[in-house]
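Novice: Below is the file upload_15.csv, which contains CSV, C-alpha atoms.
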```
chain,number,residue,atom,x,y,z
A,1,MET,CA,0.7,-19.6,-32.9
A,2,LYS,CA,3.3,-19.9,-30.1
A,3,THR,CA,3.6,-16.2,-29.9
A,4,LEU,CA,-0.1,-15.7,-29.6
A,5,LEU,CA,-0.2,-18.4,-26.9
A,6,THR,CA,2.6,-16.7,-25.0
A,7,ARG,CA,0.8,-13.4,-25.1
A,8,ALA,CA,-2.5,-15.0,-24.0
A,9,LEU,CA,-0.7,-16.6,-21.0
A,10,ALA,CA,1.0,-13.3,-20.2
A,11,LEU,CA,-2.4,-11.5,-20.3
A,12,THR,CA,-3.9,-14.2,-18.1
A,13,GLY,CA,-1.1,-13.8,-15.6
A,14,LEU,CA,-1.7,-10.0,-15.6
A,15,ALA,CA,-5.4,-10.5,-14.9
A,16,ILE,CA,-4.6,-12.8,-12.0
A,17,VAL,CA,-2.2,-10.2,-10.5
A,18,THR,CA,-4.7,-7.3,-10.9
A,19,GLN,CA,-7.4,-9.4,-9.3
A,20,ALA,CA,-5.4,-10.4,-6.3
A,21,PHE,CA,-6.8,-7.6,-4.2
A,22,GLY,CA,-10.3,-8.3,-5.3
A,23,GLN,CA,-12.4,-5.3,-6.2
A,24,VAL,CA,-15.0,-2.8,-5.0
A,25,THR,CA,-17.8,-1.4,-7.0
A,26,LEU,CA,-19.1,2.0,-5.7
A,27,TYR,CA,-22.6,3.3,-6.6
A,28,GLU,CA,-23.7,6.9,-6.6
A,29,HIS,CA,-27.0,6.2,-4.8
A,30,GLY,CA,-28.1,3.7,-2.1
A,31,GLN,CA,-29.4,0.3,-3.0
A,32,PHE,CA,-26.8,0.0,-5.8
A,33,ARG,CA,-28.4,2.6,-8.0
A,34,GLY,CA,-27.0,5.3,-10.2
A,35,GLU,CA,-23.6,5.6,-11.8
A,36,ALA,CA,-21.0,3.1,-10.7
A,37,VAL,CA,-17.3,2.6,-10.8
A,38,THR,CA,-15.2,-0.4,-10.1
A,39,VAL,CA,-11.8,-0.1,-8.3
A,40,ASP,CA,-9.4,-3.0,-8.2
A,41,ARG,CA,-6.3,-1.3,-6.8
A,42,PRO,CA,-5.3,1.3,-4.1
A,43,ALA,CA,-6.7,4.7,-5.0
A,44,GLY,CA,-5.2,7.6,-3.1
A,45,SER,CA,-7.8,9.9,-4.6
A,46,LEU,CA,-11.1,9.0,-6.2
A,47,GLU,CA,-10.9,12.2,-8.3
A,48,ARG,CA,-9.2,10.2,-11.0
A,49,TYR,CA,-12.4,8.1,-11.2
A,50,ASN,CA,-14.6,11.2,-11.0
A,51,PHE,CA,-16.2,9.6,-7.9
A,52,ASN,CA,-14.8,11.7,-5.1
A,53,ASN,CA,-17.3,12.0,-2.3
A,54,ARG,CA,-20.1,10.4,-4.4
A,55,ALA,CA,-20.4,6.8,-3.2
A,56,SER,CA,-23.6,5.9,-1.3
A,57,SER,CA,-23.5,2.0,-1.6
A,58,ALA,CA,-20.9,-0.6,-2.5
A,59,VAL,CA,-20.1,-4.2,-3.2
A,60,VAL,CA,-16.8,-5.3,-1.7
A,61,GLY,CA,-15.2,-8.5,-3.0
A,62,GLY,CA,-12.1,-10.5,-2.4
A,63,GLU,CA,-10.8,-9.1,0.9
A,64,ALA,CA,-11.5,-6.3,3.3
A,65,TRP,CA,-11.0,-2.8,2.1
A,66,GLU,CA,-10.2,0.4,3.9
A,67,PHE,CA,-12.2,3.6,3.0
A,68,CYS,CA,-11.1,7.0,4.1
A,69,GLU,CA,-12.6,10.5,4.1
A,70,SER,CA,-9.4,12.3,3.0
A,71,PRO,CA,-6.9,11.8,0.2
A,72,GLY,CA,-3.9,9.6,0.7
A,73,PHE,CA,-5.7,7.2,3.0
A,74,SER,CA,-5.9,9.8,5.8
A,75,GLY,CA,-8.5,11.3,8.0
A,76,ARG,CA,-11.3,9.1,9.3
A,77,CYS,CA,-11.1,5.5,7.9
A,78,VAL,CA,-13.4,2.5,8.1
A,79,VAL,CA,-12.7,-1.1,7.1
A,80,LEU,CA,-15.4,-3.0,5.4
A,81,GLN,CA,-15.4,-6.8,5.0
A,82,PRO,CA,-16.4,-8.4,1.7
A,83,GLY,CA,-20.2,-8.1,1.2
A,84,ARG,CA,-23.0,-5.9,-0.2
A,85,TYR,CA,-23.6,-2.6,1.5
A,86,ASP,CA,-26.9,-1.0,0.2
A,87,SER,CA,-26.1,2.0,2.4
A,88,LEU,CA,-22.7,3.4,3.5
A,89,ALA,CA,-24.3,5.2,6.5
A,90,GLU,CA,-21.6,7.4,8.0
A,91,LEU,CA,-19.4,7.0,4.9
A,92,ASN,CA,-22.2,8.2,2.6
A,93,ASP,CA,-20.9,10.7,0.1
A,94,SER,CA,-17.6,11.1,2.0
A,95,ILE,CA,-15.2,8.4,0.6
A,96,THR,CA,-12.2,10.1,-1.0
A,97,SER,CA,-9.5,7.3,-1.0
A,98,MET,CA,-9.6,3.6,-0.6
A,99,ARG,CA,-7.3,0.5,-0.6
A,100,PRO,CA,-7.3,-3.2,0.1
A,101,LEU,CA,-6.4,-3.8,3.7
A,102,SER,CA,-3.4,-5.9,2.7
A,103,ALA,CA,-2.0,-2.9,0.8
A,104,ARG,CA,-1.5,-0.8,3.9
A,105,GLY,CA,1.3,-3.0,5.2
A,106,GLY,CA,-0.5,-4.4,8.2
A,107,PRO,CA,-1.8,-7.9,8.8
A,108,VAL,CA,-4.3,-9.1,6.2
A,109,THR,CA,-7.8,-9.7,7.5
A,110,ARG,CA,-9.9,-11.6,5.1
A,111,GLY,CA,-13.7,-11.8,5.1
A,112,PRO,CA,-15.7,-15.0,5.2
A,113,GLU,CA,-15.4,-17.6,2.5
A,114,PRO,CA,-18.0,-17.3,-0.3
A,115,GLY,CA,-21.4,-18.6,0.7
A,116,HIS,CA,-20.5,-18.4,4.4
A,117,ARG,CA,-22.1,-15.8,6.7
A,118,PRO,CA,-20.6,-15.4,10.1
A,119,PRO,CA,-23.0,-15.3,13.1
A,120,PRO,CA,-24.0,-11.8,14.3
A,121,GLY,CA,-21.6,-10.5,16.8
A,122,LEU,CA,-19.7,-7.5,18.1
A,123,THR,CA,-16.1,-7.9,19.2
A,124,LEU,CA,-14.7,-5.1,21.4
A,125,TYR,CA,-11.0,-4.6,21.9
A,126,GLU,CA,-9.2,-2.9,24.8
A,127,GLN,CA,-6.7,-1.1,22.5
A,128,ARG,CA,-6.6,0.4,19.0
A,129,ASN,CA,-5.9,-1.8,16.0
A,130,PHE,CA,-7.6,-4.9,17.7
A,131,ARG,CA,-5.0,-5.3,20.4
A,132,GLY,CA,-5.3,-6.1,24.1
A,133,ALA,CA,-8.1,-7.8,25.9
A,134,SER,CA,-11.3,-8.5,23.9
A,135,VAL,CA,-14.9,-9.5,24.5
A,136,LEU,CA,-17.4,-11.0,22.1
A,137,VAL,CA,-20.9,-9.7,22.4
A,138,GLU,CA,-23.6,-11.9,20.8
A,139,ARG,CA,-26.7,-10.6,22.4
A,140,PRO,CA,-28.0,-7.3,23.9
A,141,ARG,CA,-25.8,-6.2,26.8
A,142,ARG,CA,-27.5,-3.6,29.0
A,143,ARG,CA,-24.4,-3.2,31.2
A,144,LEU,CA,-20.9,-4.1,29.9
A,145,GLU,CA,-19.6,-3.8,33.4
A,146,ARG,CA,-20.8,-7.4,33.9
A,147,ALA,CA,-18.3,-8.4,31.3
A,148,ASP,CA,-15.6,-6.2,32.9
A,149,PHE,CA,-15.6,-4.2,29.7
A,150,ASP,CA,-17.5,-1.0,30.7
A,151,ASN,CA,-15.8,2.1,29.2
A,152,VAL,CA,-12.9,0.0,28.0
A,153,ALA,CA,-13.2,-0.5,24.2
A,154,SER,CA,-11.0,1.4,21.8
A,155,SER,CA,-11.6,-0.7,18.6
A,156,ALA,CA,-14.2,-3.1,17.3
A,157,VAL,CA,-15.2,-5.7,14.7
A,158,VAL,CA,-18.8,-6.0,13.7
A,159,SER,CA,-20.1,-9.0,11.7
A,160,GLY,CA,-23.5,-10.3,10.6
A,161,GLY,CA,-25.4,-7.1,11.0
A,162,PRO,CA,-25.2,-3.6,12.4
A,163,TRP,CA,-24.9,-3.0,16.2
A,164,GLN,CA,-25.9,0.0,18.3
A,165,VAL,CA,-23.3,1.0,21.0
A,166,CYS,CA,-24.1,3.6,23.7
A,167,ASP,CA,-22.1,5.4,26.4
A,168,GLY,CA,-24.9,4.9,28.9
A,169,GLU,CA,-26.3,1.8,30.5
A,170,GLU,CA,-29.6,0.4,29.2
A,171,PHE,CA,-28.8,1.7,25.7
A,172,SER,CA,-29.0,5.3,26.9
A,173,GLY,CA,-27.0,8.5,26.4
A,174,ARG,CA,-25.1,9.0,23.2
A,175,CYS,CA,-25.6,6.0,20.8
A,176,VAL,CA,-23.9,5.2,17.5
A,177,VAL,CA,-24.8,2.4,15.0
A,178,LEU,CA,-21.8,0.5,13.7
A,179,ARG,CA,-22.2,-1.3,10.4
A,180,PRO,CA,-20.5,-4.6,9.6
A,181,GLY,CA,-16.8,-4.1,9.2
A,182,GLU,CA,-13.6,-3.3,11.2
A,183,TYR,CA,-13.0,-0.2,13.3
A,184,PRO,CA,-9.3,0.1,14.1
A,185,THR,CA,-10.2,3.0,16.3
A,186,LEU,CA,-13.5,4.2,17.9
A,187,GLN,CA,-12.1,7.7,18.3
A,188,GLU,CA,-14.1,9.2,15.4
A,189,THR,CA,-17.4,7.8,16.9
A,190,GLY,CA,-16.9,9.8,20.0
A,191,LEU,CA,-17.2,6.6,22.1
A,192,ASN,CA,-13.6,5.6,22.6
A,193,ASN,CA,-13.3,4.1,26.0
A,194,ARG,CA,-17.0,5.1,26.6
A,195,ILE,CA,-19.1,2.1,25.5
A,196,SER,CA,-21.3,0.9,28.3
A,197,SER,CA,-24.1,-1.0,26.5
A,198,ALA,CA,-24.6,-2.6,23.1
A,199,ARG,CA,-27.3,-4.4,21.1
A,200,PRO,CA,-27.9,-5.6,17.5
A,201,VAL,CA,-30.0,-3.4,15.3
A,202,ASN,CA,-33.1,-5.3,14.2
A,203,ARG,CA,-33.6,-5.4,10.4
A,204,ARG,CA,-37.1,-4.6,9.3
```
Can you dump the structure from the file as structure tokens?
Specialist:
Amino acid sequence: MKTLLTRALALTGLAIVTQAFGQVTLYEHGQFRGEAVTVDRPAGSLERYNFNNRASSAVVGGEAWEFCESPGFSGRCVVLQPGRYDSLAELNDSITSMRPLSARGGPVTRGPEPGHRPPPGLTLYEQRNFRGASVLVERPRRRLERADFDNVASSAVVSGGPWQVCDGEEFSGRCVVLRPGEYPTLQETGLNNRISSARPVNRR
């Protein structure tokens, strides 16, 4: 009996360890449809799960995760906070590797507590990796020069809902929609140091 109890406690401890990162369930199609796979540890390549470049929606739990388009957590990467993503937008069918944010050796950025939804907002940072001066945008801004942040942002954090950012005033020029999550660099969007206006995307 003592041996069985010891084994049970050991297994419980193992379960706690493996769940420390939280987990992500990837779905083949949008709206959480099709085949699915659950990942609870860093995956340098999703080929081992037979899910390379297949994910179109996801449920992220526990903490923020980093998703990358190339093996070994390389290439273009996007960080998503805990939540349900019925569409992966620019990451659709392009995720090749993924890992919990804490596993990459940087500071841990955790999502909101269960049941708590942060207010909609877009935080822009002067430098990559959320460094330097920052500004919180909570409503449509036709001209970021009024906030002394025109053509300044190099990284961003989006919460509450997607935001549209544009390189022209009045939401003109080249525009990109950023889904909720963390963007350590805006280089891949083509808008690094070029954002001049921003507004939340209305959900219909």
Novice: Which residue out of A:Glu182, A:Asp93, A:Glu35, A:Asp40 has the minimum interatomic distance to Asn52 in chain A when only C-alpha atoms are used?
Specialist: A:Asp93
Novice: Find, counting only C-alpha atoms, the residue in A:Thr25, A:Ser102, A:Thr38, A:Gln81 that gets nearest to Tyr183 in chain A.
Specialist: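 Using only C-alpha atoms, the shortest distance to Tyr183 in chain A belongs to A:Gln81.
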Novice: Show which residues sit within 12 Å of Asn202 in chain A, as a PyMOL selection string. Count all atoms listed in the file, and ignore same-chain residues fewer than 3 positions away.
Specialist: chain A and resi 120+139-140+160-164+177+199
Novice: Which residue gives the smallest distance to Phe130 in chain A among A:Val165, A:Leu186, A:Cys68, A:Ile95, with only C-alpha atoms counted?
Specialist: A:Leu186
Novice: Between A:Ser134, A:Thr123, A:Asn193, A:Thr185, which one has atoms that come closest to Val157 in chain A, using all atoms listed in the file?
Specialist: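 Answer, going by the shortest atom-to-atom distance: A:Thr123.
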Novice: Report, in Å to a single decimal, how far apart CA of Glu63 in chain A and CA of Val78 in chain A are.
Specialist: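 Interatomic distance here is 13.9 Å.
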Novice: Could you state the separation of CA of Leu88 in chain A and CA of Val39 in chain A in Å, given to one decimal place?
Specialist: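 Answer for the CA of Leu88 in chain A to CA of Val39 in chain A separation: 16.4 Å.
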